[in-house]
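Enquirer: See protein21.cif below, with mmCIF, C-alpha atoms and all ligand atoms.
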```
data_structure
#
loop_
_atom_site.label_atom_id
_atom_site.label_comp_id
_atom_site.auth_asym_id
_atom_site.auth_seq_id
_atom_site.Cartn_x
_atom_site.Cartn_y
_atom_site.Cartn_z
CA MET A 1 113.54 165.74 60.24
CA LYS A 2 115.62 168.69 59.07
CA ALA A 3 118.51 167.82 56.74
CA ILE A 4 120.99 169.45 54.32
CA THR A 5 120.47 167.83 50.93
CA LEU A 6 122.12 168.20 47.55
CA ASN A 7 119.85 170.10 45.18
CA SER A 8 121.08 171.17 41.74
CA THR A 9 118.17 173.62 41.27
CA GLN A 10 119.52 175.85 44.06
CA PRO A 11 122.27 178.44 43.34
CA SER A 12 124.18 177.03 46.35
CA ARG A 13 123.35 173.41 45.25
CA LEU A 14 122.28 172.82 48.87
CA LEU A 15 118.80 172.76 50.40
CA LEU A 16 117.91 172.65 54.08
CA THR A 17 114.64 170.79 54.00
CA GLU A 18 112.31 168.35 55.77
CA VAL A 19 113.18 164.73 54.93
CA GLN A 20 111.23 161.58 55.79
CA THR A 21 113.28 159.14 57.83
CA ARG A 22 112.93 155.40 57.28
CA SER A 23 112.49 152.60 59.82
CA LEU A 24 115.55 150.69 61.01
CA MET A 25 116.80 147.43 59.53
CA PRO A 26 118.24 144.68 61.75
CA GLY A 27 121.64 145.68 63.17
CA GLU A 28 121.08 149.41 62.61
CA VAL A 29 120.77 152.30 65.05
CA ARG A 30 119.47 155.84 64.84
CA VAL A 31 121.79 158.54 66.18
CA LEU A 32 120.40 161.98 67.06
CA ILE A 33 123.05 164.36 65.74
CA LYS A 34 124.46 166.89 68.22
CA ALA A 35 127.18 168.08 65.81
CA ALA A 36 128.45 167.19 62.32
CA ALA A 37 131.61 168.25 60.48
CA LEU A 38 132.56 168.96 56.87
CA ASN A 39 135.26 167.22 54.86
CA HIS A 40 136.49 168.36 51.48
CA ARG A 41 134.56 165.40 50.07
CA ASP A 42 131.29 167.22 50.91
CA GLU A 43 132.42 170.22 48.87
CA TRP A 44 133.55 167.99 45.96
CA CYS A 45 130.04 166.40 46.07
CA ARG A 46 128.41 169.86 46.02
CA GLN A 47 130.51 170.66 42.93
CA GLY A 48 129.31 167.44 41.29
CA ARG A 49 132.86 166.05 41.15
CA TYR A 50 131.99 162.56 42.43
CA PRO A 51 130.40 159.80 40.33
CA ASN A 52 126.72 158.83 40.79
CA ILE A 53 125.74 162.02 42.59
CA LYS A 54 121.98 162.40 42.91
CA ASP A 55 119.78 165.22 44.15
CA GLY A 56 118.14 164.68 47.50
CA VAL A 57 121.02 162.84 49.17
CA ILE A 58 121.96 164.03 52.67
CA LEU A 59 125.67 164.92 52.76
CA GLY A 60 128.06 164.55 55.68
CA SER A 61 130.45 161.80 56.80
CA ASP A 62 131.28 163.06 60.28
CA GLY A 63 128.92 163.15 63.22
CA ALA A 64 128.58 162.78 66.97
CA GLY A 65 125.35 162.26 68.86
CA ILE A 66 123.12 160.13 71.07
CA VAL A 67 121.68 156.71 70.17
CA SER A 68 117.90 157.14 70.20
CA GLU A 69 116.61 153.94 68.58
CA ILE A 70 117.88 150.42 67.89
CA GLY A 71 117.01 147.88 65.22
CA GLU A 72 116.38 144.18 65.68
CA GLY A 73 119.32 142.30 67.17
CA VAL A 74 121.02 145.36 68.68
CA ASP A 75 121.85 145.27 72.39
CA TYR A 76 119.65 147.61 74.49
CA SER A 77 122.67 148.84 76.45
CA ILE A 78 123.68 151.10 73.53
CA LEU A 79 120.51 153.22 73.88
CA GLN A 80 121.19 156.81 75.03
CA LYS A 81 124.97 156.32 74.64
CA GLU A 82 127.02 159.33 73.46
CA VAL A 83 128.86 158.23 70.33
CA ILE A 84 131.00 159.13 67.34
CA ILE A 85 130.51 157.36 64.01
CA ASN A 86 133.20 155.65 61.93
CA PRO A 87 132.18 156.75 58.40
CA ALA A 88 134.18 153.95 56.68
CA LEU A 89 131.68 151.20 55.83
CA ASN A 90 132.57 147.64 54.72
CA TRP A 91 136.37 148.00 54.78
CA GLY A 92 136.67 144.23 55.19
CA ASP A 93 139.41 142.11 56.80
CA ASN A 94 142.41 143.07 54.67
CA GLN A 95 144.51 145.71 56.44
CA LYS A 96 146.27 146.54 53.16
CA VAL A 97 143.24 147.72 51.21
CA GLN A 98 139.49 148.22 51.46
CA SER A 99 137.04 145.69 49.97
CA SER A 100 135.15 146.30 46.73
CA SER A 101 131.99 147.07 48.76
CA PHE A 102 133.73 149.85 50.72
CA GLU A 103 131.55 152.94 51.13
CA ILE A 104 131.81 156.31 52.84
CA LEU A 105 128.89 157.61 54.88
CA GLY A 106 127.20 160.63 53.25
CA MET A 107 126.71 159.90 49.50
CA PRO A 108 125.39 157.63 48.18
CA ARG A 109 124.11 156.64 51.66
CA ASN A 110 122.41 159.48 53.59
CA GLY A 111 124.88 161.18 55.92
CA THR A 112 125.24 163.21 59.08
CA LEU A 113 124.13 166.72 58.04
CA ALA A 114 120.70 166.00 59.50
CA GLU A 115 118.90 165.85 62.81
CA SER A 116 119.50 162.09 62.81
CA VAL A 117 121.39 159.44 60.86
CA ILE A 118 120.97 155.66 60.52
CA VAL A 119 124.15 153.54 60.65
CA PRO A 120 125.11 149.92 61.40
CA VAL A 121 125.73 149.56 65.15
CA ASP A 122 129.32 148.40 64.58
CA ARG A 123 130.22 151.92 63.29
CA LEU A 124 129.69 153.43 66.76
CA PHE A 125 132.45 154.35 69.20
CA GLU A 126 132.14 155.95 72.60
CA ARG A 127 132.58 159.70 72.34
CA PRO A 128 135.99 160.87 73.68
CA GLN A 129 135.18 162.31 77.10
CA HIS A 130 137.75 165.10 76.90
CA MET A 131 136.08 166.60 73.83
CA SER A 132 133.05 168.83 73.30
CA TRP A 133 130.30 167.66 70.92
CA GLU A 134 131.77 169.85 68.18
CA GLU A 135 135.28 168.41 68.68
CA SER A 136 133.91 164.86 68.76
CA ALA A 137 132.13 165.39 65.43
CA ALA A 138 135.34 166.75 63.88
CA LEU A 139 137.39 163.64 64.60
CA PRO A 140 136.30 160.60 62.56
CA LEU A 141 137.08 160.90 58.83
CA ALA A 142 140.05 163.24 58.95
CA GLY A 143 141.45 161.63 62.10
CA LEU A 144 141.26 158.17 60.54
CA THR A 145 142.90 159.34 57.29
CA ALA A 146 145.74 161.14 59.08
CA TYR A 147 146.35 158.19 61.43
CA ARG A 148 146.66 155.58 58.68
CA ALA A 149 148.82 157.89 56.55
CA LEU A 150 151.30 158.28 59.40
CA THR A 151 151.28 154.77 60.85
CA TYR A 152 150.25 151.92 58.53
CA GLN A 153 151.49 153.68 55.39
CA GLY A 154 154.19 156.02 56.71
CA ASN A 155 155.49 153.80 59.56
CA ILE A 156 156.53 156.96 61.39
CA GLN A 157 159.15 156.43 64.09
CA SER A 158 159.92 158.55 67.13
CA GLY A 159 162.61 161.13 66.30
CA GLU A 160 161.98 161.07 62.54
CA ASN A 161 161.52 164.27 60.55
CA LEU A 162 157.89 164.65 59.42
CA LEU A 163 156.50 167.29 57.04
CA VAL A 164 152.74 167.76 56.85
CA THR A 165 151.71 170.05 53.98
CA GLY A 166 148.76 172.49 54.02
CA PHE A 167 148.34 172.88 57.78
CA GLY A 168 144.96 174.62 57.37
CA GLY A 169 143.37 171.39 56.12
CA GLY A 170 141.22 169.13 58.25
CA VAL A 171 143.39 166.03 57.73
CA ALA A 172 146.63 168.02 57.98
CA GLN A 173 145.98 169.43 61.45
CA PHE A 174 145.40 165.89 62.73
CA ALA A 175 148.54 164.63 61.00
CA VAL A 176 150.52 167.38 62.76
CA GLN A 177 149.04 166.61 66.16
CA PHE A 178 149.30 162.81 65.80
CA GLY A 179 152.86 163.14 64.49
CA MET A 180 153.87 165.06 67.61
CA ALA A 181 152.06 162.55 69.84
CA LEU A 182 154.01 159.73 68.15
CA GLY A 183 157.33 161.46 68.86
CA ALA A 184 158.16 162.77 65.39
CA LYS A 185 159.97 166.08 64.78
CA VAL A 186 157.14 167.87 63.01
CA SER A 187 157.28 170.61 60.37
CA THR A 188 154.36 171.98 58.40
CA SER A 189 153.61 174.22 55.42
CA SER A 190 150.74 176.56 54.58
CA SER A 191 149.82 179.42 52.25
CA SER A 192 148.96 181.52 55.29
CA PRO A 193 151.38 183.11 57.82
CA GLU A 194 148.51 183.26 60.35
CA LYS A 195 147.91 179.52 60.06
CA LEU A 196 151.63 178.88 60.49
CA GLU A 197 151.59 180.92 63.71
CA ILE A 198 148.87 178.60 65.03
CA ALA A 199 151.01 175.61 64.08
CA LYS A 200 153.99 177.07 65.97
CA SER A 201 151.83 177.60 69.05
CA LEU A 202 151.10 173.84 69.01
CA GLY A 203 154.82 173.05 69.08
CA VAL A 204 155.60 172.55 65.38
CA LEU A 205 159.38 172.99 64.95
CA HIS A 206 159.70 174.39 61.41
CA THR A 207 157.09 176.16 59.30
CA PHE A 208 157.21 177.02 55.60
CA ASN A 209 155.00 179.09 53.34
CA TYR A 210 154.67 176.91 50.22
CA LEU A 211 153.97 180.04 48.16
CA ASP A 212 157.53 181.35 48.88
CA HIS A 213 159.78 180.42 45.97
CA ASN A 214 162.66 179.55 48.33
CA TRP A 215 160.75 177.30 50.75
CA ILE A 216 162.41 174.15 49.39
CA SER A 217 165.99 175.29 50.05
CA LYS A 218 164.93 176.70 53.43
CA ALA A 219 163.34 173.36 54.38
CA VAL A 220 166.42 171.33 53.40
CA GLU A 221 168.73 173.77 55.19
CA GLU A 222 166.71 173.83 58.41
CA THR A 223 165.78 170.13 58.67
CA ASN A 224 168.22 168.18 56.48
CA GLY A 225 165.18 166.69 54.71
CA PHE A 226 162.18 164.63 55.77
CA ASP A 227 161.84 160.93 56.49
CA LEU A 228 158.09 161.19 55.89
CA ILE A 229 155.92 163.72 54.08
CA VAL A 230 152.13 163.61 54.38
CA ASP A 231 150.36 165.53 51.62
CA GLY A 232 146.83 166.05 50.28
CA ALA A 233 147.53 168.41 47.37
CA VAL A 234 149.86 166.60 44.85
CA GLY A 235 149.73 168.43 41.45
CA ASP A 236 153.14 169.71 40.39
CA THR A 237 153.99 170.31 44.05
CA LEU A 238 154.80 166.58 44.24
CA ASN A 239 158.14 167.49 42.62
CA HIS A 240 158.82 169.94 45.46
CA LEU A 241 158.14 167.21 47.99
CA ILE A 242 160.52 164.87 46.17
CA GLN A 243 163.20 167.53 46.59
CA VAL A 244 162.70 167.91 50.34
CA ALA A 245 162.45 164.16 51.07
CA LYS A 246 165.54 162.53 52.61
CA PRO A 247 167.11 159.75 50.52
CA GLY A 248 165.15 156.62 51.46
CA GLY A 249 162.17 158.76 52.56
CA LYS A 250 158.46 158.40 51.87
CA VAL A 251 155.73 160.67 50.50
CA VAL A 252 152.28 159.48 51.59
CA TYR A 253 149.41 161.24 49.86
CA TYR A 254 145.72 161.03 50.77
CA GLY A 255 144.26 163.60 48.35
CA ALA A 256 144.99 165.41 45.11
CA THR A 257 143.39 168.82 45.57
CA LEU A 258 145.67 170.20 42.82
CA GLY A 259 145.05 167.25 40.47
CA ASN A 260 147.70 165.18 38.67
CA PRO A 261 151.30 166.34 38.22
CA THR A 262 152.03 167.49 34.67
CA LYS A 263 155.63 166.26 35.05
CA LEU A 264 157.46 163.98 37.46
CA GLU A 265 161.07 163.97 38.75
CA ALA A 266 161.29 160.23 38.07
CA ARG A 267 165.10 160.03 38.24
CA LYS A 268 165.19 161.63 41.66
CA ILE A 269 162.64 159.09 42.91
CA PHE A 270 164.65 156.02 41.92
CA TRP A 271 168.10 157.43 42.64
CA ASN A 272 167.08 158.53 46.14
CA GLN A 273 165.16 155.26 46.79
CA LEU A 274 161.97 157.22 47.55
CA LYS A 275 158.58 155.65 48.15
CA ILE A 276 155.45 157.44 46.89
CA ILE A 277 152.47 155.87 48.63
CA GLY A 278 148.73 156.44 48.31
CA THR A 279 146.34 156.06 51.25
CA THR A 280 142.59 156.30 51.78
CA MET A 281 140.76 156.61 55.09
CA GLY A 282 141.50 153.44 57.10
CA SER A 283 140.47 150.02 58.37
CA ASP A 284 138.38 149.34 61.48
CA GLN A 285 141.65 148.53 63.27
CA ASP A 286 143.12 151.90 62.22
CA PHE A 287 140.02 153.66 63.56
CA LYS A 288 140.26 151.84 66.91
CA ASN A 289 143.98 152.64 67.23
CA MET A 290 143.37 156.28 66.27
CA VAL A 291 140.69 156.74 68.95
CA SER A 292 143.01 155.08 71.54
CA LEU A 293 145.83 157.53 70.69
CA VAL A 294 143.44 160.49 70.87
CA ASN A 295 142.12 159.37 74.28
CA GLU A 296 145.54 158.51 75.67
CA LYS A 297 147.16 161.82 74.64
CA LYS A 298 143.97 163.88 75.12
CA ILE A 299 144.31 165.27 71.58
CA LYS A 300 141.64 167.77 70.50
CA PRO A 301 140.78 168.66 66.92
CA ILE A 302 141.34 172.26 65.90
CA ILE A 303 137.89 173.71 65.25
CA ASP A 304 137.81 176.50 62.71
CA GLN A 305 134.20 177.67 63.06
CA VAL A 306 130.81 176.29 64.08
CA PHE A 307 127.82 177.09 61.83
CA LYS A 308 124.09 176.43 62.24
CA PHE A 309 122.50 174.18 59.60
CA GLU A 310 120.74 177.32 58.30
CA ASP A 311 124.18 178.72 57.40
CA ALA A 312 125.41 175.62 55.55
CA GLU A 313 126.18 177.58 52.39
CA LYS A 314 128.58 179.84 54.30
CA ALA A 315 130.26 176.79 55.82
CA PHE A 316 130.71 175.08 52.42
CA ASP A 317 131.96 178.32 50.82
CA ARG A 318 134.56 178.71 53.56
CA MET A 319 135.88 175.22 52.77
CA ARG A 320 135.79 175.85 49.00
CA ASP A 321 137.86 179.03 49.52
CA GLY A 322 140.40 177.29 51.82
CA LYS A 323 139.91 179.91 54.53
CA GLN A 324 139.69 177.44 57.40
CA THR A 325 142.27 176.31 59.91
CA GLY A 326 141.09 172.88 60.95
CA LYS A 327 137.56 171.57 60.96
CA ILE A 328 134.34 173.32 59.99
CA VAL A 329 131.47 172.11 62.17
CA LEU A 330 127.70 172.32 61.67
CA VAL A 331 125.06 171.97 64.37
CA PRO A 332 121.32 171.33 63.82
N1 LIG A 401 141.75 159.58 50.54
C1 LIG A 401 141.07 159.90 51.63
O1 LIG A 401 140.67 159.04 52.41
C2 LIG A 401 140.83 161.35 51.92
C3 LIG A 401 140.38 161.70 53.18
C4 LIG A 401 140.23 163.05 53.46
C5 LIG A 401 140.51 164.01 52.48
N2 LIG A 401 140.90 163.60 51.25
C6 LIG A 401 141.23 164.60 50.21
O2 LIG A 401 142.35 165.34 50.70
C7 LIG A 401 142.25 166.72 50.35
C8 LIG A 401 142.22 167.56 51.62
O3 LIG A 401 141.07 167.22 52.35
P1 LIG A 401 140.63 168.01 53.68
O4 LIG A 401 139.26 167.55 54.05
O5 LIG A 401 141.72 167.97 54.69
O6 LIG A 401 140.51 169.46 53.02
P2 LIG A 401 140.46 170.91 53.56
O7 LIG A 401 140.18 170.91 55.03
O8 LIG A 401 139.58 171.66 52.65
O9 LIG A 401 141.99 171.38 53.36
C9 LIG A 401 142.51 171.78 52.17
C10 LIG A 401 143.90 172.40 52.44
O10 LIG A 401 144.74 172.08 51.36
C11 LIG A 401 145.85 172.92 51.48
N3 LIG A 401 146.45 173.18 50.17
C12 LIG A 401 145.93 173.82 49.12
N4 LIG A 401 146.87 173.95 48.15
C13 LIG A 401 148.01 173.39 48.63
C14 LIG A 401 149.33 173.22 48.13
N5 LIG A 401 149.69 173.71 46.94
N6 LIG A 401 150.25 172.57 48.90
C15 LIG A 401 149.91 172.11 50.11
N7 LIG A 401 148.68 172.26 50.65
C16 LIG A 401 147.75 172.88 49.91
C17 LIG A 401 145.36 174.22 52.10
O11 LIG A 401 146.19 174.47 53.22
P3 LIG A 401 146.57 175.97 53.73
O12 LIG A 401 145.27 176.68 53.89
O13 LIG A 401 147.27 175.74 55.01
O14 LIG A 401 147.46 176.59 52.67
C18 LIG A 401 143.91 173.90 52.47
O15 LIG A 401 143.54 174.42 53.72
C19 LIG A 401 140.98 166.82 49.51
O16 LIG A 401 141.34 166.70 48.16
C20 LIG A 401 140.15 165.62 49.95
O17 LIG A 401 139.22 165.20 48.99
C21 LIG A 401 141.08 162.29 50.95
#
```
Output the file's structure in the form of structure tokens.
Ligand SMILES: NC(=O)c1ccc[n+]([C@@H]2O[C@H](COP(=O)([O-])OP(=O)(O)OC[C@H]3O[C@@H](n4cnc5c(N)ncnc54)[C@H](OP(=O)(O)O)[C@@H]3O)[C@@H](O)[C@H]2O)c1

Expert:
Amino acid sequence: MKAITLNSTQPSRLLLTEVQTRSLMPGEVRVLIKAAALNHRDEWCRQGRYPNIKDGVILGSDGAGIVSEIGEGVDYSILQKEVIINPALNWGDNQKVQSSSFEILGMPRNGTLAESVIVPVDRLFERPQHMSWEESAALPLAGLTAYRALTYQGNIQSGENLLVTGFGGGVAQFAVQFGMALGAKVSTSSSSPEKLEIAKSLGVLHTFNYLDHNWISKAVEETNGFDLIVDGAVGDTLNHLIQVAKPGGKVVYYGATLGNPTKLEARKIFWNQLKIIGTTMGSDQDFKNMVSLVNEKKIKPIIDQVFKFEDAEKAFDRMRDGKQTGKIVLVP
């Protein structure tokens, strides 16, 4: 089958190539991929910024497709079903934290940027019927991360002020849409006025360009501060978020695109009784709840662009350069 593999001998570090598939183990299924989507993780892997990266691995955590083959012990009724894949493997039973054998589909295990992928049958969910194949593929990893950040970690309540930073990001656009669906008063930030216009068209109440030096005072003036802030950037911007959080508020962060902060407003954190909380993807229960919300409210991912597998380098470069609004999708 055709697959996008990591290959350090290529200038792009990617190679679209023929790969041998293996036979199924008990409890596994083969899914023929109709569409797959990128997450920033795929770009970090291409840049070699994850441990244990090896050439030849098929990247990709997100995919939607049709079940074409089942392993021993799998019920026949799943054959030919249209599915999405939960890329969080072996979370375990503890809702608070993943188990030590937790794994994400697509490095080290072969992922979804291929004509087919093998996964345990319990990772499959029925594809949301109100979505296209491309939209279905865009949902799993970012949707799960945004949902847990808002609910389990952020405990967002209807009527609360929510700020989601970096609206252009894959997780961020879900956090904005889920926040609105859960009744929050949603604001967002971005480096791009065009992206902020898209956010406004979705019904976001307040928008801020985080490159403007006065965005912090503007945010406090317009909203009186935020009960919950969901962020994937951190770096020194964490101090800005501490300034726009309401006393007693929370900052939930799922990524650190800008790295560690070089300084921290520690006094402001304790005096204002702030909670700074980390979150990663989500449990099986989070995934189930996220899909229910998406189906109930007919939420659709924002798709930035759809690329053919042959144009994978362009797709990865677009993510590296932060040009996207929403999810970048690849089709075989
Ligand atoms: N822990 C987890 O489970 C988990 C899950 C998913 C992602 N992540 C991590 O979270 C980060 C985002 O992932 P993604 O897939 O959503 O990435 P993405 O689609 O590539 O989005 C990145 C976005 O970050 C925003 N950004 C850049 N600098 C910023 C700043 N100074 N302040 C606020 N926002 C800023 C940009 O928004 P604008 O273009 O609007 O300016 C950009 O579009 C990555 O580091 C990723 O590895 C972690």

Enquirer: Could the residues that lie within 6 Å of ligand LIG 401 (chain A), counting all atoms listed in the file, be listed as a ChimeraX atom specification?

Expert: /A:39-41,142,145,165-172,190-192,232-233,254-257,279-281,319,322

Enquirer: Keeping C-alpha atoms, export the residues of the selection given above as a PDB file, in the frame of the given file.

Expert:
```
ATOM      1  CA  ASN A  39     135.260 167.220  54.860  1.00  0.00           C
ATOM      2  CA  HIS A  40     136.490 168.360  51.480  1.00  0.00           C
ATOM      3  CA  ARG A  41     134.560 165.400  50.070  1.00  0.00           C
ATOM      4  CA  ALA A 142     140.050 163.240  58.950  1.00  0.00           C
ATOM      5  CA  THR A 145     142.900 159.340  57.290  1.00  0.00           C
ATOM      6  CA  THR A 165     151.710 170.050  53.980  1.00  0.00           C
ATOM      7  CA  GLY A 166     148.760 172.490  54.020  1.00  0.00           C
ATOM      8  CA  PHE A 167     148.340 172.880  57.780  1.00  0.00           C
ATOM      9  CA  GLY A 168     144.960 174.620  57.370  1.00  0.00           C
ATOM     10  CA  GLY A 169     143.370 171.390  56.120  1.00  0.00           C
ATOM     11  CA  GLY A 170     141.220 169.130  58.250  1.00  0.00           C
ATOM     12  CA  VAL A 171     143.390 166.030  57.730  1.00  0.00           C
ATOM     13  CA  ALA A 172     146.630 168.020  57.980  1.00  0.00           C
ATOM     14  CA  SER A 190     150.740 176.560  54.580  1.00  0.00           C
ATOM     15  CA  SER A 191     149.820 179.420  52.250  1.00  0.00           C
ATOM     16  CA  SER A 192     148.960 181.520  55.290  1.00  0.00           C
ATOM     17  CA  GLY A 232     146.830 166.050  50.280  1.00  0.00           C
ATOM     18  CA  ALA A 233     147.530 168.410  47.370  1.00  0.00           C
ATOM     19  CA  TYR A 254     145.720 161.030  50.770  1.00  0.00           C
ATOM     20  CA  GLY A 255     144.260 163.600  48.350  1.00  0.00           C
ATOM     21  CA  ALA A 256     144.990 165.410  45.110  1.00  0.00           C
ATOM     22  CA  THR A 257     143.390 168.820  45.570  1.00  0.00           C
ATOM     23  CA  THR A 279     146.340 156.060  51.250  1.00  0.00           C
ATOM     24  CA  THR A 280     142.590 156.300  51.780  1.00  0.00           C
ATOM     25  CA  MET A 281     140.760 156.610  55.090  1.00  0.00           C
ATOM     26  CA  MET A 319     135.880 175.220  52.770  1.00  0.00           C
ATOM     27  CA  GLY A 322     140.400 177.290  51.820  1.00  0.00           C
TER      28      GLY A 322
END
```

Enquirer: Might I get the box with edges along x, y and z of the file that holds all atoms of stretch 138-144 of chain A listed there, padded by 6 Å on every side, given as centre and edge lengths in Å to one decimal, as lines of an AutoDock Vina configuration file?

Expert:
```
center_x = 138.4
center_y = 162.5
center_z = 61.7
size_x = 18.1
size_y = 20.6
size_z = 17.8
```

Enquirer: Figure out the distance between atom CA of A:Asn260 and atom CA of A:Asp321, please, to one decimal in Å.

Expert: 20.2 Å

Enquirer: Using all atoms listed in the file, which residue out of A:Gly248, A:Gly71, A:Pro108, A:Gly92 lies closest to A:Leu59?

Expert: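 That would be A:Pro108, the residue with the smallest distance to A:Leu59.
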
Enquirer: Do you have the atom CA of A:Thr5-atom CA of A:Ser100 distance handy?

Expert: 26.4 Å

Enquirer: Looking at A:Leu238, A:Ile84, A:Val306, A:Val97, which one is nearest to A:Arg148, with distances taken over all atoms listed in the file?

Expert: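 So, comparing all the options, the nearest one is A:Val97.
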
Enquirer: So how many Å separate atom CA of A:Lys34 and atom CA of A:Tyr50, to one decimal?

Expert: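 One can read the atom CA of A:Lys34 to atom CA of A:Tyr50 distance as 27.2 Å.
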
Enquirer: At most 8 Å from (120.0, 149.7, 56.5), file frame, all atoms listed in the file: which residues, as a ChimeraX atom specification?

Expert: /A:24-28,118-120

Enquirer: Which residues, written as a list in words, have at least one atom at most 9 Å from A:Tyr147, with only C-alpha atoms counted and residues fewer than 3 positions away on the same chain left out?

Expert: Ala142, Gly143, Leu144, Leu150, Thr151, Tyr152, Phe174, Ala175, Phe178, Gly179, Met281, Gly282, Asp286, Phe287, Asn289 and Met290 of chain A

Enquirer: Counting all atoms listed in the file, what is within 9 Å of A:Leu139, bar same-chain residues fewer than 5 positions away, as an mmCIF file with C-alpha atoms, keeping the file's coordinate frame?

Expert:
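Written file, selection-v3.cif:
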```cif
data_model
loop_
_atom_site.group_PDB
_atom_site.id
_atom_site.type_symbol
_atom_site.label_atom_id
_atom_site.label_comp_id
_atom_site.auth_asym_id
_atom_site.auth_seq_id
_atom_site.Cartn_x
_atom_site.Cartn_y
_atom_site.Cartn_z
ATOM 1 C CA ALA A 37 131.610 168.250 60.480
ATOM 2 C CA ASP A 62 131.280 163.060 60.280
ATOM 3 C CA GLY A 63 128.920 163.150 63.220
ATOM 4 C CA ILE A 84 131.000 159.130 67.340
ATOM 5 C CA LEU A 144 141.260 158.170 60.540
ATOM 6 C CA PHE A 174 145.400 165.890 62.730
ATOM 7 C CA VAL A 291 140.690 156.740 68.950
ATOM 8 C CA LYS A 300 141.640 167.770 70.500
ATOM 9 C CA PRO A 301 140.780 168.660 66.920
ATOM 10 C CA LYS A 327 137.560 171.570 60.960
#
```

Enquirer: Using all atoms listed in the file, which of the listed residues (A:Ser68, A:Asn94, A:Ser99, A:Asn295) sits closest to A:Ser136?

Expert: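 Checking each candidate against A:Ser136, we get A:Asn295 as the closest.
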
Enquirer: Calculated over all atoms listed in the file, which of the candidates A:Ile269, A:Ala88, A:Met180, A:Leu124 has the smallest distance to A:Val294?

Expert: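 Looking at the shortest contact to A:Val294, the residue is A:Met180.
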
Enquirer: With all atoms listed in the file as the counted atoms, please give the residues lying no more than 6 Å from stretch 31-33 of chain A, apart from itself and same-chain residues fewer than 3 positions off, as a VMD selection string.

Expert: chain A and resid 64 to 68 115 to 117

Enquirer: Would you list the residues near (159.3, 179.7, 54.1) (no more than 12 Å away, in the coordinates of the file, using only C-alpha atoms) as a PyMOL selection string?

Expert: chain A and resi 187-193+196+206-222

Enquirer: Go ahead and write the selection's residues with C-alpha atoms as a PDB file, in the coordinates of the input.

Expert:
```
ATOM      1  CA  SER A 187     157.280 170.610  60.370  1.00  0.00           C
ATOM      2  CA  THR A 188     154.360 171.980  58.400  1.00  0.00           C
ATOM      3  CA  SER A 189     153.610 174.220  55.420  1.00  0.00           C
ATOM      4  CA  SER A 190     150.740 176.560  54.580  1.00  0.00           C
ATOM      5  CA  SER A 191     149.820 179.420  52.250  1.00  0.00           C
ATOM      6  CA  SER A 192     148.960 181.520  55.290  1.00  0.00           C
ATOM      7  CA  PRO A 193     151.380 183.110  57.820  1.00  0.00           C
ATOM      8  CA  LEU A 196     151.630 178.880  60.490  1.00  0.00           C
ATOM      9  CA  HIS A 206     159.700 174.390  61.410  1.00  0.00           C
ATOM     10  CA  THR A 207     157.090 176.160  59.300  1.00  0.00           C
ATOM     11  CA  PHE A 208     157.210 177.020  55.600  1.00  0.00           C
ATOM     12  CA  ASN A 209     155.000 179.090  53.340  1.00  0.00           C
ATOM     13  CA  TYR A 210     154.670 176.910  50.220  1.00  0.00           C
ATOM     14  CA  LEU A 211     153.970 180.040  48.160  1.00  0.00           C
ATOM     15  CA  ASP A 212     157.530 181.350  48.880  1.00  0.00           C
ATOM     16  CA  HIS A 213     159.780 180.420  45.970  1.00  0.00           C
ATOM     17  CA  ASN A 214     162.660 179.550  48.330  1.00  0.00           C
ATOM     18  CA  TRP A 215     160.750 177.300  50.750  1.00  0.00           C
ATOM     19  CA  ILE A 216     162.410 174.150  49.390  1.00  0.00           C
ATOM     20  CA  SER A 217     165.990 175.290  50.050  1.00  0.00           C
ATOM     21  CA  LYS A 218     164.930 176.700  53.430  1.00  0.00           C
ATOM     22  CA  ALA A 219     163.340 173.360  54.380  1.00  0.00           C
ATOM     23  CA  VAL A 220     166.420 171.330  53.400  1.00  0.00           C
ATOM     24  CA  GLU A 221     168.730 173.770  55.190  1.00  0.00           C
ATOM     25  CA  GLU A 222     166.710 173.830  58.410  1.00  0.00           C
TER      26      GLU A 222
END
```

Enquirer: Identify which of the residues A:Ala199, A:Ile78, A:Val83, A:Val19 lies closest to A:Asn110, counting all atoms listed in the file when measuring atom-to-atom distances.

Expert: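 Among the listed residues, the smallest separation from A:Asn110 belongs to A:Val19.
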